[in-house]
Structures are given as structure tokens and as C-alpha cells.
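Structure file entry-v7.cif (mmCIF, N, CA and C atoms) follows.
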data_work
#
loop_
_atom_site.label_atom_id
_atom_site.label_comp_id
_atom_site.auth_asym_id
_atom_site.auth_seq_id
_atom_site.Cartn_x
_atom_site.Cartn_y
_atom_site.Cartn_z
N MET H 109 -21.56 -10.11 -5.12
CA MET H 109 -20.43 -10.63 -5.86
C MET H 109 -19.18 -10.47 -5.01
N ASP H 110 -18.36 -11.54 -4.95
CA ASP H 110 -17.13 -11.50 -4.18
C ASP H 110 -16.10 -10.61 -4.86
N GLN H 111 -15.43 -9.81 -4.05
CA GLN H 111 -14.34 -8.99 -4.56
C GLN H 111 -13.06 -9.80 -4.50
N ASP H 112 -12.10 -9.42 -5.36
CA ASP H 112 -10.80 -10.05 -5.30
C ASP H 112 -10.17 -9.74 -3.95
N PRO H 113 -9.40 -10.70 -3.41
CA PRO H 113 -8.76 -10.43 -2.12
C PRO H 113 -7.70 -9.34 -2.25
N GLU H 114 -7.51 -8.60 -1.18
CA GLU H 114 -6.42 -7.63 -1.13
C GLU H 114 -5.12 -8.40 -0.99
N ILE H 115 -4.02 -7.75 -1.35
CA ILE H 115 -2.70 -8.37 -1.20
C ILE H 115 -1.93 -7.60 -0.14
N LEU H 116 -1.41 -8.34 0.83
CA LEU H 116 -0.61 -7.79 1.90
C LEU H 116 0.81 -8.35 1.72
N ASP H 117 1.69 -7.54 1.12
CA ASP H 117 3.06 -7.99 0.83
C ASP H 117 3.93 -7.74 2.06
N LEU H 118 4.26 -8.81 2.75
CA LEU H 118 5.05 -8.73 3.97
C LEU H 118 6.44 -9.33 3.79
N THR H 119 6.88 -9.41 2.52
CA THR H 119 8.22 -9.93 2.27
C THR H 119 9.25 -9.02 2.92
N GLY H 120 10.27 -9.65 3.47
CA GLY H 120 11.33 -8.91 4.15
C GLY H 120 11.09 -8.74 5.63
N LEU H 121 9.87 -8.99 6.10
CA LEU H 121 9.57 -8.86 7.53
C LEU H 121 9.76 -10.21 8.21
N LYS H 122 10.31 -10.18 9.40
CA LYS H 122 10.52 -11.39 10.18
C LYS H 122 9.46 -11.51 11.27
N CYS H 123 9.16 -12.75 11.64
CA CYS H 123 8.18 -13.01 12.69
C CYS H 123 8.64 -12.38 13.99
N PRO H 124 7.67 -11.84 14.69
CA PRO H 124 6.22 -12.07 14.60
C PRO H 124 5.49 -11.06 13.72
N LEU H 125 6.20 -10.17 13.01
CA LEU H 125 5.52 -9.11 12.26
C LEU H 125 4.51 -9.61 11.23
N PRO H 126 4.80 -10.62 10.40
CA PRO H 126 3.76 -11.06 9.45
C PRO H 126 2.46 -11.48 10.14
N ALA H 127 2.55 -12.20 11.25
CA ALA H 127 1.34 -12.61 11.96
C ALA H 127 0.62 -11.41 12.56
N LEU H 128 1.36 -10.45 13.09
CA LEU H 128 0.74 -9.26 13.69
C LEU H 128 0.04 -8.41 12.65
N TYR H 129 0.69 -8.18 11.49
CA TYR H 129 0.07 -7.38 10.44
C TYR H 129 -1.14 -8.09 9.84
N ALA H 130 -1.05 -9.41 9.66
CA ALA H 130 -2.18 -10.17 9.14
C ALA H 130 -3.36 -10.10 10.11
N ARG H 131 -3.08 -10.25 11.41
CA ARG H 131 -4.16 -10.17 12.40
C ARG H 131 -4.82 -8.79 12.38
N ARG H 132 -4.01 -7.74 12.31
CA ARG H 132 -4.57 -6.38 12.27
C ARG H 132 -5.48 -6.22 11.05
N TRP H 133 -5.04 -6.71 9.89
CA TRP H 133 -5.85 -6.59 8.68
C TRP H 133 -7.17 -7.34 8.87
N LEU H 134 -7.11 -8.57 9.36
CA LEU H 134 -8.31 -9.39 9.51
C LEU H 134 -9.27 -8.82 10.54
N GLU H 135 -8.75 -8.24 11.63
CA GLU H 135 -9.61 -7.64 12.64
C GLU H 135 -10.38 -6.44 12.09
N ARG H 136 -9.78 -5.73 11.16
CA ARG H 136 -10.42 -4.54 10.59
C ARG H 136 -11.28 -4.85 9.37
N ALA H 137 -11.17 -6.05 8.84
CA ALA H 137 -11.90 -6.43 7.62
C ALA H 137 -13.37 -6.66 7.92
N ALA H 138 -14.18 -6.47 6.91
CA ALA H 138 -15.60 -6.81 7.01
C ALA H 138 -15.73 -8.33 7.04
N PRO H 139 -16.81 -8.84 7.61
CA PRO H 139 -17.03 -10.29 7.56
C PRO H 139 -16.97 -10.79 6.12
N GLY H 140 -16.25 -11.87 5.92
CA GLY H 140 -16.05 -12.41 4.57
C GLY H 140 -14.86 -11.81 3.86
N GLY H 141 -14.18 -10.84 4.49
CA GLY H 141 -13.01 -10.22 3.87
C GLY H 141 -11.89 -11.22 3.67
N ARG H 142 -11.22 -11.09 2.52
CA ARG H 142 -10.14 -12.02 2.18
C ARG H 142 -8.87 -11.24 1.88
N VAL H 143 -7.75 -11.83 2.28
CA VAL H 143 -6.46 -11.20 2.04
C VAL H 143 -5.45 -12.27 1.63
N ILE H 144 -4.59 -11.92 0.69
CA ILE H 144 -3.46 -12.77 0.33
C ILE H 144 -2.24 -12.20 1.02
N VAL H 145 -1.61 -13.01 1.85
CA VAL H 145 -0.40 -12.59 2.56
C VAL H 145 0.80 -13.20 1.84
N LEU H 146 1.72 -12.33 1.43
CA LEU H 146 2.96 -12.78 0.80
C LEU H 146 4.09 -12.60 1.81
N THR H 147 4.89 -13.64 1.99
CA THR H 147 5.98 -13.56 2.95
C THR H 147 7.14 -14.44 2.50
N ASP H 148 8.32 -14.10 2.99
CA ASP H 148 9.50 -14.93 2.72
C ASP H 148 10.17 -15.39 4.02
N ASP H 149 9.50 -15.17 5.14
CA ASP H 149 10.02 -15.64 6.42
C ASP H 149 9.55 -17.08 6.62
N PRO H 150 10.47 -18.04 6.75
CA PRO H 150 10.04 -19.44 6.88
C PRO H 150 9.17 -19.72 8.10
N MET H 151 9.27 -18.92 9.14
CA MET H 151 8.44 -19.12 10.33
C MET H 151 7.00 -18.62 10.13
N ALA H 152 6.78 -17.77 9.15
CA ALA H 152 5.44 -17.20 8.93
C ALA H 152 4.42 -18.28 8.55
N ILE H 153 4.84 -19.33 7.83
CA ILE H 153 3.87 -20.36 7.46
C ILE H 153 3.46 -21.20 8.66
N ILE H 154 4.16 -21.04 9.77
CA ILE H 154 3.75 -21.67 11.03
C ILE H 154 2.98 -20.67 11.88
N ASP H 155 3.55 -19.47 12.02
CA ASP H 155 2.98 -18.46 12.93
C ASP H 155 1.65 -17.89 12.45
N VAL H 156 1.51 -17.60 11.16
CA VAL H 156 0.27 -16.98 10.66
C VAL H 156 -0.91 -17.94 10.79
N PRO H 157 -0.80 -19.21 10.33
CA PRO H 157 -1.93 -20.12 10.54
C PRO H 157 -2.23 -20.36 12.02
N HIS H 158 -1.20 -20.38 12.86
CA HIS H 158 -1.42 -20.55 14.30
C HIS H 158 -2.23 -19.38 14.85
N MET H 159 -1.86 -18.15 14.46
CA MET H 159 -2.60 -16.96 14.88
C MET H 159 -4.05 -17.05 14.40
N CYS H 160 -4.26 -17.46 13.15
CA CYS H 160 -5.62 -17.57 12.61
C CYS H 160 -6.44 -18.56 13.43
N HIS H 161 -5.85 -19.69 13.77
CA HIS H 161 -6.56 -20.70 14.56
C HIS H 161 -6.94 -20.13 15.92
N GLN H 162 -6.04 -19.42 16.57
CA GLN H 162 -6.32 -18.85 17.89
C GLN H 162 -7.37 -17.75 17.84
N GLU H 163 -7.37 -16.95 16.77
CA GLU H 163 -8.24 -15.78 16.68
C GLU H 163 -9.56 -16.06 15.96
N GLY H 164 -9.74 -17.26 15.41
CA GLY H 164 -10.99 -17.60 14.73
C GLY H 164 -11.05 -17.20 13.28
N PHE H 165 -9.90 -16.95 12.64
CA PHE H 165 -9.86 -16.64 11.21
C PHE H 165 -9.59 -17.93 10.44
N CYS H 166 -9.84 -17.91 9.13
CA CYS H 166 -9.67 -19.11 8.30
C CYS H 166 -8.46 -18.98 7.40
N VAL H 167 -7.76 -20.09 7.23
CA VAL H 167 -6.68 -20.19 6.25
C VAL H 167 -7.23 -21.03 5.11
N ASP H 168 -7.50 -20.39 3.96
CA ASP H 168 -8.08 -21.12 2.83
C ASP H 168 -7.03 -21.85 2.01
N ALA H 169 -5.82 -21.29 1.93
CA ALA H 169 -4.78 -21.92 1.11
C ALA H 169 -3.41 -21.42 1.53
N ILE H 170 -2.44 -22.30 1.39
CA ILE H 170 -1.03 -21.93 1.57
C ILE H 170 -0.27 -22.53 0.40
N ASP H 171 0.41 -21.68 -0.36
CA ASP H 171 1.24 -22.13 -1.47
C ASP H 171 2.67 -21.71 -1.19
N ARG H 172 3.61 -22.63 -1.39
CA ARG H 172 5.02 -22.32 -1.17
C ARG H 172 5.78 -22.43 -2.48
N ASP H 173 6.74 -21.53 -2.64
CA ASP H 173 7.65 -21.57 -3.77
C ASP H 173 9.04 -21.26 -3.21
N GLY H 174 9.76 -22.29 -2.82
CA GLY H 174 11.03 -22.08 -2.16
C GLY H 174 10.79 -21.45 -0.80
N GLU H 175 11.44 -20.32 -0.54
CA GLU H 175 11.26 -19.64 0.74
C GLU H 175 10.04 -18.72 0.75
N ARG H 176 9.47 -18.46 -0.39
CA ARG H 176 8.30 -17.57 -0.46
C ARG H 176 7.02 -18.36 -0.21
N ALA H 177 6.10 -17.70 0.46
CA ALA H 177 4.80 -18.32 0.73
C ALA H 177 3.70 -17.33 0.38
N ARG H 178 2.57 -17.90 -0.03
CA ARG H 178 1.37 -17.12 -0.35
C ARG H 178 0.23 -17.78 0.42
N MET H 179 -0.38 -17.01 1.33
CA MET H 179 -1.46 -17.54 2.16
C MET H 179 -2.74 -16.75 1.91
N LEU H 180 -3.84 -17.45 1.69
CA LEU H 180 -5.14 -16.82 1.53
C LEU H 180 -5.87 -16.95 2.86
N LEU H 181 -6.13 -15.80 3.50
CA LEU H 181 -6.77 -15.76 4.81
C LEU H 181 -8.15 -15.11 4.68
N VAL H 182 -9.08 -15.55 5.52
CA VAL H 182 -10.46 -15.07 5.44
C VAL H 182 -10.98 -14.76 6.84
N ARG H 183 -11.66 -13.62 6.94
CA ARG H 183 -12.42 -13.33 8.16
C ARG H 183 -13.79 -13.96 7.95
N PRO H 184 -14.20 -14.88 8.83
CA PRO H 184 -15.47 -15.57 8.63
C PRO H 184 -16.67 -14.62 8.61
N GLU H 185 -17.71 -15.07 7.93
CA GLU H 185 -18.97 -14.33 7.93
C GLU H 185 -19.56 -14.40 9.33
N LEU H 186 -20.37 -13.45 9.68
CA LEU H 186 -21.06 -13.50 10.97
C LEU H 186 -22.06 -14.63 10.96
N SER H 187 -22.23 -15.26 12.10
CA SER H 187 -23.23 -16.33 12.19
C SER H 187 -24.62 -15.74 12.15
N ARG H 188 -25.51 -16.46 11.57
CA ARG H 188 -26.91 -16.03 11.55
C ARG H 188 -27.60 -16.52 12.80
N PRO H 189 -28.51 -15.73 13.33
CA PRO H 189 -29.25 -16.21 14.50
C PRO H 189 -30.13 -17.39 14.13
N ILE H 190 -30.32 -18.28 15.05
CA ILE H 190 -31.20 -19.44 14.83
C ILE H 190 -32.64 -18.96 15.01
N SER H 191 -33.50 -19.28 14.01
CA SER H 191 -34.90 -18.82 14.11
C SER H 191 -35.80 -19.91 14.62
#

Representation of the structure as C-alpha cells:
Amino acid sequence: MDQDPEILDLTGLKCPLPALYARRWLERAAPGGRVIVLTDDPMAIIDVPHMCHQEGFCVDAIDRDGERARMLLVRPELSRPIS
């Protein structure tokens, strides 16, 4: 059963800190781990997805409400060996 994602409240932090903290969380997460990143830095909605793309993490959703953003990030499951 999937667990609810953790919430990483990074409001008040300016880039590159939201991307760095999100990367650290995802690197330490178990495969399939999910986190909701909350931020109010307008550059974070560019920097965090860019970091995910470079590092192989997934961005499942981005919701904006004015300057605030909510991003659902996922560490992919490990690939299964081909039999």
C-alpha cells in the first residue's frame, strides 16, 4: 500500500536551496518515495523540475497558487532485471 507523501516545506528559501533540499530528500528516499515540495520562490518551479530531469527523478504534478507552488516529486522504482 502506498504511503502518503512527506511534505517538505521550503517556503521562505531562495534558489538554489529548494532544489538542493529536494535533491537531498530524493537521494535518501526509498525507491518509489514521494515528497510534496512547498515553495514560494518563483525560480523553484523552474529549478526543481530541471534538477529532477538531470538526476532522474520524476515530477508528477506542479500546482501554483499565486507565488506559492506545490510540487509532487517521486524517486523512481528500481528497474527489474530482464529475464

What is the distance, in Å and to one decimal place, between atom N of Glu135 of chain H and atom CA of Gly174 of chain H?
->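 One can read the atom N of Glu135 of chain H to atom CA of Gly174 of chain H distance as 27.8 Å.
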
Determine the residue membership of the PyMOL selection byres (((chain H and resi 140 and name CA) around 9) and name CA) for the file above and supply it as a VMD selection string.
-> chain H and resid 110 137 to 139 141 to 142 182 to 186

Using only N, CA and C atoms, please write the residues we just selected to a file, as a PDB file, in the frame of the given file.
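Writing done, so here's out.pdb:
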ATOM      1  N   ASP H 110     -18.360 -11.540  -4.950  1.00  0.00           N
ATOM      2  CA  ASP H 110     -17.130 -11.500  -4.180  1.00  0.00           C
ATOM      3  C   ASP H 110     -16.100 -10.610  -4.860  1.00  0.00           C
ATOM      4  N   ALA H 137     -11.170  -6.050   8.840  1.00  0.00           N
ATOM      5  CA  ALA H 137     -11.900  -6.430   7.620  1.00  0.00           C
ATOM      6  C   ALA H 137     -13.370  -6.660   7.920  1.00  0.00           C
ATOM      7  N   ALA H 138     -14.180  -6.470   6.910  1.00  0.00           N
ATOM      8  CA  ALA H 138     -15.600  -6.810   7.010  1.00  0.00           C
ATOM      9  C   ALA H 138     -15.730  -8.330   7.040  1.00  0.00           C
ATOM     10  N   PRO H 139     -16.810  -8.840   7.610  1.00  0.00           N
ATOM     11  CA  PRO H 139     -17.030 -10.290   7.560  1.00  0.00           C
ATOM     12  C   PRO H 139     -16.970 -10.790   6.120  1.00  0.00           C
ATOM     13  N   GLY H 141     -14.180 -10.840   4.490  1.00  0.00           N
ATOM     14  CA  GLY H 141     -13.010 -10.220   3.870  1.00  0.00           C
ATOM     15  C   GLY H 141     -11.890 -11.220   3.670  1.00  0.00           C
ATOM     16  N   ARG H 142     -11.220 -11.090   2.520  1.00  0.00           N
ATOM     17  CA  ARG H 142     -10.140 -12.020   2.180  1.00  0.00           C
ATOM     18  C   ARG H 142      -8.870 -11.240   1.880  1.00  0.00           C
ATOM     19  N   VAL H 182      -9.080 -15.550   5.520  1.00  0.00           N
ATOM     20  CA  VAL H 182     -10.460 -15.070   5.440  1.00  0.00           C
ATOM     21  C   VAL H 182     -10.980 -14.760   6.840  1.00  0.00           C
ATOM     22  N   ARG H 183     -11.660 -13.620   6.940  1.00  0.00           N
ATOM     23  CA  ARG H 183     -12.420 -13.330   8.160  1.00  0.00           C
ATOM     24  C   ARG H 183     -13.790 -13.960   7.950  1.00  0.00           C
ATOM     25  N   PRO H 184     -14.200 -14.880   8.830  1.00  0.00           N
ATOM     26  CA  PRO H 184     -15.470 -15.570   8.630  1.00  0.00           C
ATOM     27  C   PRO H 184     -16.670 -14.620   8.610  1.00  0.00           C
ATOM     28  N   GLU H 185     -17.710 -15.070   7.930  1.00  0.00           N
ATOM     29  CA  GLU H 185     -18.970 -14.330   7.930  1.00  0.00           C
ATOM     30  C   GLU H 185     -19.560 -14.400   9.330  1.00  0.00           C
ATOM     31  N   LEU H 186     -20.370 -13.450   9.680  1.00  0.00           N
ATOM     32  CA  LEU H 186     -21.060 -13.500  10.970  1.00  0.00           C
ATOM     33  C   LEU H 186     -22.060 -14.630  10.960  1.00  0.00           C
TER      34      LEU H 186
END

For atom N of Phe165 of chain H and atom CA of Thr119 of chain H, quote the distance in Å rounded to one decimal.
-> 22.0 Å

Restricting the calculation to only N, CA and C atoms, which member of H:Asp173, H:Asp149, H:Ile144, H:Cys166 is positioned closest to Leu121 of chain H?
->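 That would be H:Asp149, the residue with the smallest distance to Leu121 of chain H.
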
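Taking atom CA of Gln111 of chain H and atom CA of Pro150 of chain H as the two end points, the separation is 28.9 Å.
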
In file coordinates, which residues lie within 12 Å of (10.5, -14.6, 2.1) using only C-alpha atoms, given as a PyMOL selection string?
-> chain H and resi 117-123+126+145-153+172-178

Box for segment 142-161 of chain H: with edges along x, y and z, all listed atoms inside and 4 Å added on each side, what are the centre and edge lengths in Å to one decimal, as AutoDock Vina command-line options?
--center_x -0.4 --center_y -16.4 --center_z 8.1 --size_x 29.7 --size_y 18.6 --size_z 23.6

Residue with smallest distance to Val167 of chain H - pool H:Val143, H:Asp155, H:Leu181, H:Leu134, counting all atoms listed in the file =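 Among H:Val143, H:Asp155, H:Leu181, H:Leu134, it is H:Leu181 that comes nearest to Val167 of chain H.
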
Among segment 116-178 of chain H, which residues carry a DSSP assignment of alpha helix (DSSP H), reported as an MDAnalysis selection string?
-> chainID H and resid 125:136 152:163

Mind writing the picked residues with N, CA and C atoms as a JSON list (two decimals), keeping the file's coordinate frame?
[["chain", "number", "residue", "atom", "x", "y", "z"],
["H", 125, "LEU", "N", 6.20, -10.17, 13.01],
["H", 125, "LEU", "CA", 5.52, -9.11, 12.26],
["H", 125, "LEU", "C", 4.51, -9.61, 11.23],
["H", 126, "PRO", "N", 4.80, -10.62, 10.40],
["H", 126, "PRO", "CA", 3.76, -11.06, 9.45],
["H", 126, "PRO", "C", 2.46, -11.48, 10.14],
["H", 127, "ALA", "N", 2.55, -12.20, 11.25],
["H", 127, "ALA", "CA", 1.34, -12.61, 11.96],
["H", 127, "ALA", "C", 0.62, -11.41, 12.56],
["H", 128, "LEU", "N", 1.36, -10.45, 13.09],
["H", 128, "LEU", "CA", 0.74, -9.26, 13.69],
["H", 128, "LEU", "C", 0.04, -8.41, 12.65],
["H", 129, "TYR", "N", 0.69, -8.18, 11.49],
["H", 129, "TYR", "CA", 0.07, -7.38, 10.44],
["H", 129, "TYR", "C", -1.14, -8.09, 9.84],
["H", 130, "ALA", "N", -1.05, -9.41, 9.66],
["H", 130, "ALA", "CA", -2.18, -10.17, 9.14],
["H", 130, "ALA", "C", -3.36, -10.10, 10.11],
["H", 131, "ARG", "N", -3.08, -10.25, 11.41],
["H", 131, "ARG", "CA", -4.16, -10.17, 12.40],
["H", 131, "ARG", "C", -4.82, -8.79, 12.38],
["H", 132, "ARG", "N", -4.01, -7.74, 12.31],
["H", 132, "ARG", "CA", -4.57, -6.38, 12.27],
["H", 132, "ARG", "C", -5.48, -6.22, 11.05],
["H", 133, "TRP", "N", -5.04, -6.71, 9.89],
["H", 133, "TRP", "CA", -5.85, -6.59, 8.68],
["H", 133, "TRP", "C", -7.17, -7.34, 8.87],
["H", 134, "LEU", "N", -7.11, -8.57, 9.36],
["H", 134, "LEU", "CA", -8.31, -9.39, 9.51],
["H", 134, "LEU", "C", -9.27, -8.82, 10.54],
["H", 135, "GLU", "N", -8.75, -8.24, 11.63],
["H", 135, "GLU", "CA", -9.61, -7.64, 12.64],
["H", 135, "GLU", "C", -10.38, -6.44, 12.09],
["H", 136, "ARG", "N", -9.78, -5.73, 11.16],
["H", 136, "ARG", "CA", -10.42, -4.54, 10.59],
["H", 136, "ARG", "C", -11.28, -4.85, 9.37],
["H", 152, "ALA", "N", 6.78, -17.77, 9.15],
["H", 152, "ALA", "CA", 5.44, -17.20, 8.93],
["H", 152, "ALA", "C", 4.42, -18.28, 8.55],
["H", 153, "ILE", "N", 4.84, -19.33, 7.83],
["H", 153, "ILE", "CA", 3.87, -20.36, 7.46],
["H", 153, "ILE", "C", 3.46, -21.20, 8.66],
["H", 154, "ILE", "N", 4.16, -21.04, 9.77],
["H", 154, "ILE", "CA", 3.75, -21.67, 11.03],
["H", 154, "ILE", "C", 2.98, -20.67, 11.88],
["H", 155, "ASP", "N", 3.55, -19.47, 12.02],
["H", 155, "ASP", "CA", 2.98, -18.46, 12.93],
["H", 155, "ASP", "C", 1.65, -17.89, 12.45],
["H", 156, "VAL", "N", 1.51, -17.60, 11.16],
["H", 156, "VAL", "CA", 0.27, -16.98, 10.66],
["H", 156, "VAL", "C", -0.91, -17.94, 10.79],
["H", 157, "PRO", "N", -0.80, -19.21, 10.33],
["H", 157, "PRO", "CA", -1.93, -20.12, 10.54],
["H", 157, "PRO", "C", -2.23, -20.36, 12.02],
["H", 158, "HIS", "N", -1.20, -20.38, 12.86],
["H", 158, "HIS", "CA", -1.42, -20.55, 14.30],
["H", 158, "HIS", "C", -2.23, -19.38, 14.85],
["H", 159, "MET", "N", -1.86, -18.15, 14.46],
["H", 159, "MET", "CA", -2.60, -16.96, 14.88],
["H", 159, "MET", "C", -4.05, -17.05, 14.40],
["H", 160, "CYS", "N", -4.26, -17.46, 13.15],
["H", 160, "CYS", "CA", -5.62, -17.57, 12.61],
["H", 160, "CYS", "C", -6.44, -18.56, 13.43],
["H", 161, "HIS", "N", -5.85, -19.69, 13.77],
["H", 161, "HIS", "CA", -6.56, -20.70, 14.56],
["H", 161, "HIS", "C", -6.94, -20.13, 15.92],
["H", 162, "GLN", "N", -6.04, -19.42, 16.57],
["H", 162, "GLN", "CA", -6.32, -18.85, 17.89],
["H", 162, "GLN", "C", -7.37, -17.75, 17.84],
["H", 163, "GLU", "N", -7.37, -16.95, 16.77],
["H", 163, "GLU", "CA", -8.24, -15.78, 16.68],
["H", 163, "GLU", "C", -9.56, -16.06, 15.96]]

Using all atoms listed in the file, find the one residue out of H:Glu163, H:Met179, H:Val156, H:Asp112 that sits nearest to Leu128 of chain H.
-> H:Val156

Taking only C-alpha atoms into account, which of H:Glu114, H:Pro124, H:Arg136, H:Arg131 comes nearest His161 of chain H?
->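 Nearest to His161 of chain H: H:Arg131.
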
Out of chain H, which residues get strand (DSSP E or B) from DSSP, as a list in words?
->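 The residues of chain H classed as strand (DSSP E or B) are Glu114, Ile115, Leu116, Asp117, Arg142, Val143, Ile144, Val145, Leu146, Thr147, Cys166, Val167, Asp168, Ala169, Ile170, Asp171, Arg172, Asp173, Arg176, Ala177, Arg178, Met179, Leu180, Leu181 and Val182 of chain H.
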